[in-house]
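Participant: Okay, handing you the structure first.
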Amino acid sequence: MRYKMGIKNQKFLLFLLCSVFCILPFATTAFSGDKGGVRTVAVITGDEIMGRLKQPSGLFFDEIKKRLYIADSGNGRLVSFDSEFKYMAELTNEAMTLPSSLVRNKEGHFFILDRGKGEIVFIDLEKKVVKSFPLSGVSSAKEQFVPGRMAIDADNRLYIIDKLNRRLIIVEQTGAFVREVTVKDKGFFGFTDVRVDDKGEIYAIDAIAGVVYIFDDKGGIVSRFGSRENKKDNFRFPTSLAVDKNGLIYIMDQHAGRILVFDKKGVFQHAVSRPGVKEGELSYPSYIFIDKEGRIYTIDGNRIQVFQEEKG
Amino acid sequence: MKSSGHIIWLTIGLVIFLGLQPGIIYAKAVKDTRGICLECHSKKAEELTNKAAVHQPVKDGKCTWCHNPHASKHAGLLSYTGSDLCYNCHDQKKGFMGKVVHKPVEEGNCLSCHDAHSSDIMGLLKKAGGEGCFSCHPKESIINKKNVHPEVKNGRCIVCHNPHSSDREGLLIKDKKSLCAGCHPGTGEVFAKAHLGYKVSGTDCLGCHSPHSSDKKGMMKASLHKPFEDNKCSSCHPVGSASVIKSGISLCTECHEAVLAGFNKINSHFFIGGGADNLCNNCHNPHASDEKYLLKDKEARVCYECHNDTKEYVAKSNHKHPKLGICSDCHTSHGSNSQFFLTKGNDTCAMENCHSTQGKFTHPIGEKIIDPRSKTPMNCSTCHNPMGSPEKAVLRFEKDRELCEQCHQM
């Protein structure tokens with residue numbers, strides 16, 4: 001017996017098809033790299049001249065010289081790129097084994113976390129000085145000092161994660177201790193990444209607890225949000241964060257393969273990218289950085305991607 | 001007229017509401033149907049009721065509490081299947097919904113332990129005491145040592161474990177610090193002497209003692225930290241005190257200094273993750289352990305304490321790599337210069353005794369084979385996700401077409 005479709009059913013089917021075709025373009029663009037409000041500006045994995053990146057674990061965009069510096073940790077070097085992300089040069093030195101987190105001050109000096117040595121290395125390229133960065137007057141701590149990722153503020157102060165003592169220490173570029181920032185919460189495990197904005201507000205993330213902290217310039221908690229409980233919109237394993245010029249906080253969720261954007265109160269705004277290995281997608285990303293022009297730099301595996309959000 | 005209209009609607013509402021509670025209402029409304037059922041099932045009834053413990057509905061002849069006399073979509077003409085049937089009378093909220101739920105309870109498989117009609121064992125259990133437990137938890141793995149805890153030997157597992165659910169790991173009936181004290185109050189000269197005068201009451205006995213069986217005197221765990229084994233407690237503690245002589249990891253690194261180098265890698269577990277004051281105690285037990293490297297618990301449990309989202313991902317994956325519980329087969333625990341803390345980087349899968357032939361006759365992989373999607377070299381994990389996948393062979397995509405189409409246009 002053949003089923004004969006009624007007029008009403010035909011109209012309904014037509015409506016359904018039209019709806020699907022109308023919604024489909026928006027649905028796909030919402031998450032995709034190039035089309036979903038995010039344009040891929042550059043993808044850096046290496047080439048025959050510079051060689052392949054191997055376990056890059058930190059990067060920094062120098063706003064003054066408009067250069068991108070990548071800590072190519074596995075190759076024990078820093079590599080630099082111009083404003084159009086063309087390879088410029090590499091820096092290697094015996095005093096630097098496994099460069100990771102890096103920042104550059106206004107005078108052009110680098111401060112680099114050397115994971116191989118478990119210390120911070122100071123580099124003055126003009127004077128050809130590469131040496132350990134000595135800290136002084138650091139307040140007493142229960143554990144020995146093992147530095148983690150770093151940030152730098154407008155006054156050239158360094159914000160260094162003190163991994164074993166579950167705190168941030170703030171030091172002058174001379175290495176003189178200024179103050180510590182910590183959290184007394186029972187569920188606080190320690191900081192994994194840190195940033196500081198132009199107002200001196202400090203942003204840090206605890207990857208194990210999945211909590212984002214915002215501190216004022218004196219170290220008082222302004223806001224905190226996030227969790228790793230298995231619920232919708234919660235973090236899975238947030239390892240890195242960045243803040244844009246509008247004060248929006250970009251959280252890199254490594255295990256979700258996504259960047260989640262929040263306002264300062266922790267209200268979710270939107271997501272950037274989606275998990276995957278194609279251009280514009282993220283596969284177990286570990287690091288995020290945002291420059292003054294709003295370009296988003298990510299590290300996933302042995303790949304650096306640069307995105308530009310397109311508003312409206 | 002108006003009020004009678006209300007009564008009609010109220011009655012209809014009540015009927016609909018009651019109709020939505022079939023298990024409870026229907027069960028309570030049923031009559032003794034024994035006479036009717038036994039006309040055919042007389043032999044069965046005798047067999048079912050002639051035991052020490054008989055399920056109340058069976059005793060009362062209310063067969064239709066559980067069975068539909070006419071038709072059902074479930075085997076045995078049951079009204080419901082699995083625990084849904086049992087929870088009609090046995091409130092799920094009372095004892096079955098703790099943070100940790102016994103797997104058969106979670107799966108609604110009450111009948112794996114209980115007989116629905118009758119049993120010669122109290123609690124309608126199918127097997128007496130520990131024999132029921134040992135049918136899933138092999139006796140050989142629990143009572144495999146010289147000295148066996150008497151309650152374990154007597155199969156009285158429920159002295160310490162709740163068979164349904166608990167808010168504590170291991171389905172323990174009390175927290176670890178007070179569980180043992182119920183039988184071992186921790187007082188007296190013998191107790192004090194055995195602990196060399198250190199005050200241990202209120203601590204976790206299971207940190208040093210094996211609760212089931214042990215080859216060591218005093219039910220100590222299999223591996224002992226050397227100073228602990230040699231009764232040199234003062235190496236770490238002031239005499240008679242549970243405090244430690246040095247703070248943080250320096251207590252450990254004074255002897256284990258070489259271990260520190262293992263943390264100085266691109267990816268480092270030099271992190272106070274587990275929340276212990278001494279980083280080392282996040283993963284290791286400083287006294288005794290039944291696990292290698294004095295791990296404080298089974299390896300996967302130690303890792304999943306922080307990587308709980310990975311635990312959830314693995315649990316829900318249809319296909320997963322075997323032996324996922326031994327994380328250190330593929331990952332280094334202190335530090336690694338490879339992504340994901342892999343033991344041998346991209347060669348981890350090809351390690352001896354694992355997939356040593358892979359990559360030699362399969363799709364080419366290696367530094368010169370570039371994944372056109374990511375522009376990075378291909379390795380095993382380009383196509384496989386060893387932590388789990390919906391696809392066979394832990395492939396990232398469906399193997400017949402979708403996987404290849406990622407790179408090869410067809």
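Residues are referred to by chain and number: the chain letter is A, B, ... according to the order shown in the structure tokens, the number counts from 1 in that chain, and ligands are numbered separately from 1 in the order shown.
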Considering only C-alpha atoms, extract the chain B residues located within 9 Å of chain A and return them as a ChimeraX atom specification.
Facilitator: /B:247-250,261,263-268,270-275,277-279,306-310,312,337-339,372-377,382
Participant: With C-alpha atoms kept, could you save the residues just selected as a PDB file, in the first residue's frame?
Facilitator:
```pdb
ATOM      1  CA  SER B 247      58.459  21.357  55.894  1.00  0.00           C
ATOM      2  CA  GLY B 248      57.522  20.636  52.328  1.00  0.00           C
ATOM      3  CA  ILE B 249      59.363  18.488  49.864  1.00  0.00           C
ATOM      4  CA  SER B 250      62.727  19.114  51.506  1.00  0.00           C
ATOM      5  CA  ALA B 261      65.767  16.347  38.148  1.00  0.00           C
ATOM      6  CA  PHE B 263      60.551  17.295  37.427  1.00  0.00           C
ATOM      7  CA  ASN B 264      62.668  19.802  35.527  1.00  0.00           C
ATOM      8  CA  LYS B 265      60.995  19.158  32.185  1.00  0.00           C
ATOM      9  CA  ILE B 266      58.785  21.103  29.799  1.00  0.00           C
ATOM     10  CA  ASN B 267      55.745  19.421  31.290  1.00  0.00           C
ATOM     11  CA  SER B 268      56.163  19.062  35.027  1.00  0.00           C
ATOM     12  CA  PHE B 270      55.835  20.067  40.164  1.00  0.00           C
ATOM     13  CA  PHE B 271      52.518  21.198  41.422  1.00  0.00           C
ATOM     14  CA  ILE B 272      50.727  21.087  44.710  1.00  0.00           C
ATOM     15  CA  GLY B 273      47.715  19.574  42.931  1.00  0.00           C
ATOM     16  CA  GLY B 274      46.420  17.098  45.485  1.00  0.00           C
ATOM     17  CA  GLY B 275      46.417  19.709  48.220  1.00  0.00           C
ATOM     18  CA  ASP B 277      51.380  20.260  52.355  1.00  0.00           C
ATOM     19  CA  ASN B 278      54.184  18.140  50.967  1.00  0.00           C
ATOM     20  CA  LEU B 279      53.916  17.769  47.205  1.00  0.00           C
ATOM     21  CA  CYS B 306      43.084  15.532  39.809  1.00  0.00           C
ATOM     22  CA  HIS B 307      42.236  14.265  36.307  1.00  0.00           C
ATOM     23  CA  ASN B 308      38.626  13.490  37.148  1.00  0.00           C
ATOM     24  CA  ASP B 309      37.370  14.677  33.759  1.00  0.00           C
ATOM     25  CA  THR B 310      39.638  12.118  32.093  1.00  0.00           C
ATOM     26  CA  GLU B 312      34.677  10.433  33.156  1.00  0.00           C
ATOM     27  CA  ASN B 337      59.551  16.835  27.482  1.00  0.00           C
ATOM     28  CA  SER B 338      56.760  15.295  25.423  1.00  0.00           C
ATOM     29  CA  GLN B 339      53.169  16.391  25.076  1.00  0.00           C
ATOM     30  CA  PRO B 372      47.514  18.278   5.957  1.00  0.00           C
ATOM     31  CA  ARG B 373      44.943  19.429   8.509  1.00  0.00           C
ATOM     32  CA  SER B 374      47.266  20.539  11.296  1.00  0.00           C
ATOM     33  CA  LYS B 375      50.495  20.913   9.256  1.00  0.00           C
ATOM     34  CA  THR B 376      52.259  18.892  11.951  1.00  0.00           C
ATOM     35  CA  PRO B 377      53.909  15.429  11.741  1.00  0.00           C
ATOM     36  CA  THR B 382      46.595  11.362  14.665  1.00  0.00           C
TER      37      THR B 382
END
```
Participant: Quick one: residues within 6 Å of Asn68 of chain B, only C-alpha atoms counted, chain neighbours fewer than 4 positions away excluded, as number ranges by chain?
Facilitator: B: 64, 77-79
Participant: Would you kindly return, as a count of residues only, each protein, DNA or RNA residue with an atom no farther than 9 Å from any atom of Asp290 of chain B, considering only C-alpha atoms and excluding same-chain residues fewer than 3 positions away?
Facilitator: 10
Participant: Pull the strand (DSSP E) assignments for segment 26-136 of chain B out of DSSP run on the backbone, and list those residues as a list of chain:residue names.
Facilitator: B:Ala53, B:Val54, B:Val100, B:Val101, B:Ser118, B:Ser119
Participant: One decimal, Å: what's the distance from atom CA of Glu90 of chain A over to atom CA of Leu78 of chain A, could you say?
Facilitator: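 Straight-line distance from atom CA of Glu90 of chain A to atom CA of Leu78 of chain A works out to 5.5 Å.
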Participant: Which neighbours of Phe262 of chain A fall inside 12 Å, counting only C-alpha atoms, when residues of the same chain fewer than 5 positions from it are skipped, and could you give them as a list in words?
Facilitator: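 Residues meeting the cut-off are Val212, Arg224, Phe225, Gly226, Asp233, Asn234, Leu241, Ala242, Val243, Asp244, Asn246, Gly247, Leu248, Ile249, Tyr250, Ile251, Met252, Val267, Phe268, Gln269, His270, Ala271 and Val272 of chain A.
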Participant: Could you save the residues just selected, with N, CA and C atoms, as a short mmCIF file (atom, residue, chain, number, x, y, z; two decimals), in the first residue's frame?
Facilitator:
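What landed in again_24.cif:
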```
data_model
loop_
_atom_site.label_atom_id
_atom_site.label_comp_id
_atom_site.auth_asym_id
_atom_site.auth_seq_id
_atom_site.Cartn_x
_atom_site.Cartn_y
_atom_site.Cartn_z
N VAL A 212 38.77 30.65 38.26
CA VAL A 212 39.46 31.86 37.81
C VAL A 212 39.38 32.89 38.92
N ARG A 224 35.77 35.74 41.66
CA ARG A 224 36.23 34.38 41.35
C ARG A 224 35.07 33.64 40.71
N PHE A 225 35.36 32.78 39.77
CA PHE A 225 34.30 31.99 39.15
C PHE A 225 34.86 30.72 38.52
N GLY A 226 33.97 29.78 38.25
CA GLY A 226 34.35 28.55 37.58
C GLY A 226 34.40 27.35 38.49
N ASP A 233 28.58 23.95 30.93
CA ASP A 233 29.27 25.24 30.98
C ASP A 233 30.40 25.30 32.01
N ASN A 234 30.67 24.20 32.71
CA ASN A 234 31.82 24.19 33.61
C ASN A 234 33.08 23.83 32.84
N LEU A 241 44.92 31.47 30.52
CA LEU A 241 43.93 32.53 30.37
C LEU A 241 44.57 33.78 29.78
N ALA A 242 43.73 34.64 29.24
CA ALA A 242 44.19 35.91 28.69
C ALA A 242 43.06 36.93 28.86
N VAL A 243 43.43 38.21 28.83
CA VAL A 243 42.44 39.27 29.01
C VAL A 243 42.56 40.23 27.84
N ASP A 244 41.42 40.58 27.22
CA ASP A 244 41.51 41.51 26.09
C ASP A 244 41.35 42.95 26.56
N ASN A 246 39.04 44.97 26.34
CA ASN A 246 37.73 45.30 26.88
C ASN A 246 37.48 44.65 28.24
N GLY A 247 38.47 43.96 28.73
CA GLY A 247 38.34 43.32 30.04
C GLY A 247 37.67 41.97 30.01
N LEU A 248 37.44 41.43 28.81
CA LEU A 248 36.87 40.08 28.73
C LEU A 248 37.98 39.06 28.99
N ILE A 249 37.60 37.99 29.68
CA ILE A 249 38.59 36.98 30.07
C ILE A 249 38.42 35.75 29.19
N TYR A 250 39.50 35.35 28.55
CA TYR A 250 39.50 34.21 27.64
C TYR A 250 40.15 33.02 28.36
N ILE A 251 39.39 31.96 28.55
CA ILE A 251 39.89 30.79 29.26
C ILE A 251 40.15 29.66 28.27
N MET A 252 41.37 29.17 28.26
CA MET A 252 41.71 28.03 27.40
C MET A 252 41.41 26.73 28.14
N VAL A 267 30.31 35.89 33.94
CA VAL A 267 29.15 35.58 33.08
C VAL A 267 29.67 35.17 31.70
N PHE A 268 29.27 33.99 31.27
CA PHE A 268 29.73 33.45 29.99
C PHE A 268 29.26 34.33 28.83
N GLN A 269 30.17 34.67 27.92
CA GLN A 269 29.84 35.53 26.79
C GLN A 269 29.71 34.71 25.50
N HIS A 270 30.76 34.03 25.14
CA HIS A 270 30.73 33.22 23.93
C HIS A 270 31.93 32.28 23.92
N ALA A 271 31.92 31.33 22.97
CA ALA A 271 33.04 30.40 22.83
C ALA A 271 33.76 30.70 21.52
N VAL A 272 35.05 30.46 21.52
CA VAL A 272 35.85 30.66 20.31
C VAL A 272 36.43 29.32 19.91
#
```
Participant: Can you tell me which residues surround Arg258 of chain A at a distance of at most 6 Å, considering only C-alpha atoms, apart from same-chain residues fewer than 4 positions away, and format the answer as a compact mmCIF listing (two decimals) with N, CA and C atoms, in the first residue's frame?
Facilitator:
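Once written, around_10.txt looks like this:
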```
# COMPACT_ATOMS: atom_id res chain seq x y z
N ASP A 253 40.37 26.03 27.70
CA ASP A 253 40.02 24.76 28.33
C ASP A 253 40.68 23.65 27.52
N SER A 273 36.35 29.02 18.62
CA SER A 273 36.89 27.78 18.07
C SER A 273 36.12 26.56 18.55
N ARG A 274 36.61 25.41 18.12
CA ARG A 274 36.02 24.14 18.52
C ARG A 274 37.11 23.08 18.50
```
Participant: Just want the 6 Å neighbourhood of Tyr287 of chain A, counted on only C-alpha atoms, with same-chain residues fewer than 5 positions away dropped. Output as number ranges by chain.
Facilitator: A: 240, 298-299
Participant: Lys146 of chain B: which residues within 9 Å, counting only C-alpha atoms, same-chain residues fewer than 3 positions away excluded, as a PDB file with C-alpha atoms, in the first residue's frame?
Facilitator:
```
ATOM      1  CA  ILE B 143      42.645 -13.278  50.579  1.00  0.00           C
ATOM      2  CA  SER B 213      45.342  -9.760  54.012  1.00  0.00           C
ATOM      3  CA  SER B 214      49.073  -9.302  54.326  1.00  0.00           C
ATOM      4  CA  ASP B 215      52.274 -11.317  54.385  1.00  0.00           C
ATOM      5  CA  LYS B 216      53.699  -8.965  56.953  1.00  0.00           C
TER       6      LYS B 216
END
```
Participant: State, in Å with one decimal place, the distance from atom CA of Leu91 of chain A to atom CA of Asp291 of chain A.
Facilitator: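 According to the coordinates, atom CA of Leu91 of chain A and atom CA of Asp291 of chain A are separated by 22.3 Å.
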Participant: Quick one, how far is atom CA of Phe134 of chain B from atom CA of Asp91 of chain B?
Facilitator: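 Computed distance, atom CA of Phe134 of chain B to atom CA of Asp91 of chain B, equals 26.9 Å.
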Participant: In terms of the shortest atom-to-atom distance over only C-alpha atoms, which of B:Gly388, B:Val58, B:Asn231, B:Asp400 is closest to Tyr313 of chain B?
Facilitator: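 Among B:Gly388, B:Val58, B:Asn231, B:Asp400, it is B:Gly388 that comes nearest to Tyr313 of chain B.
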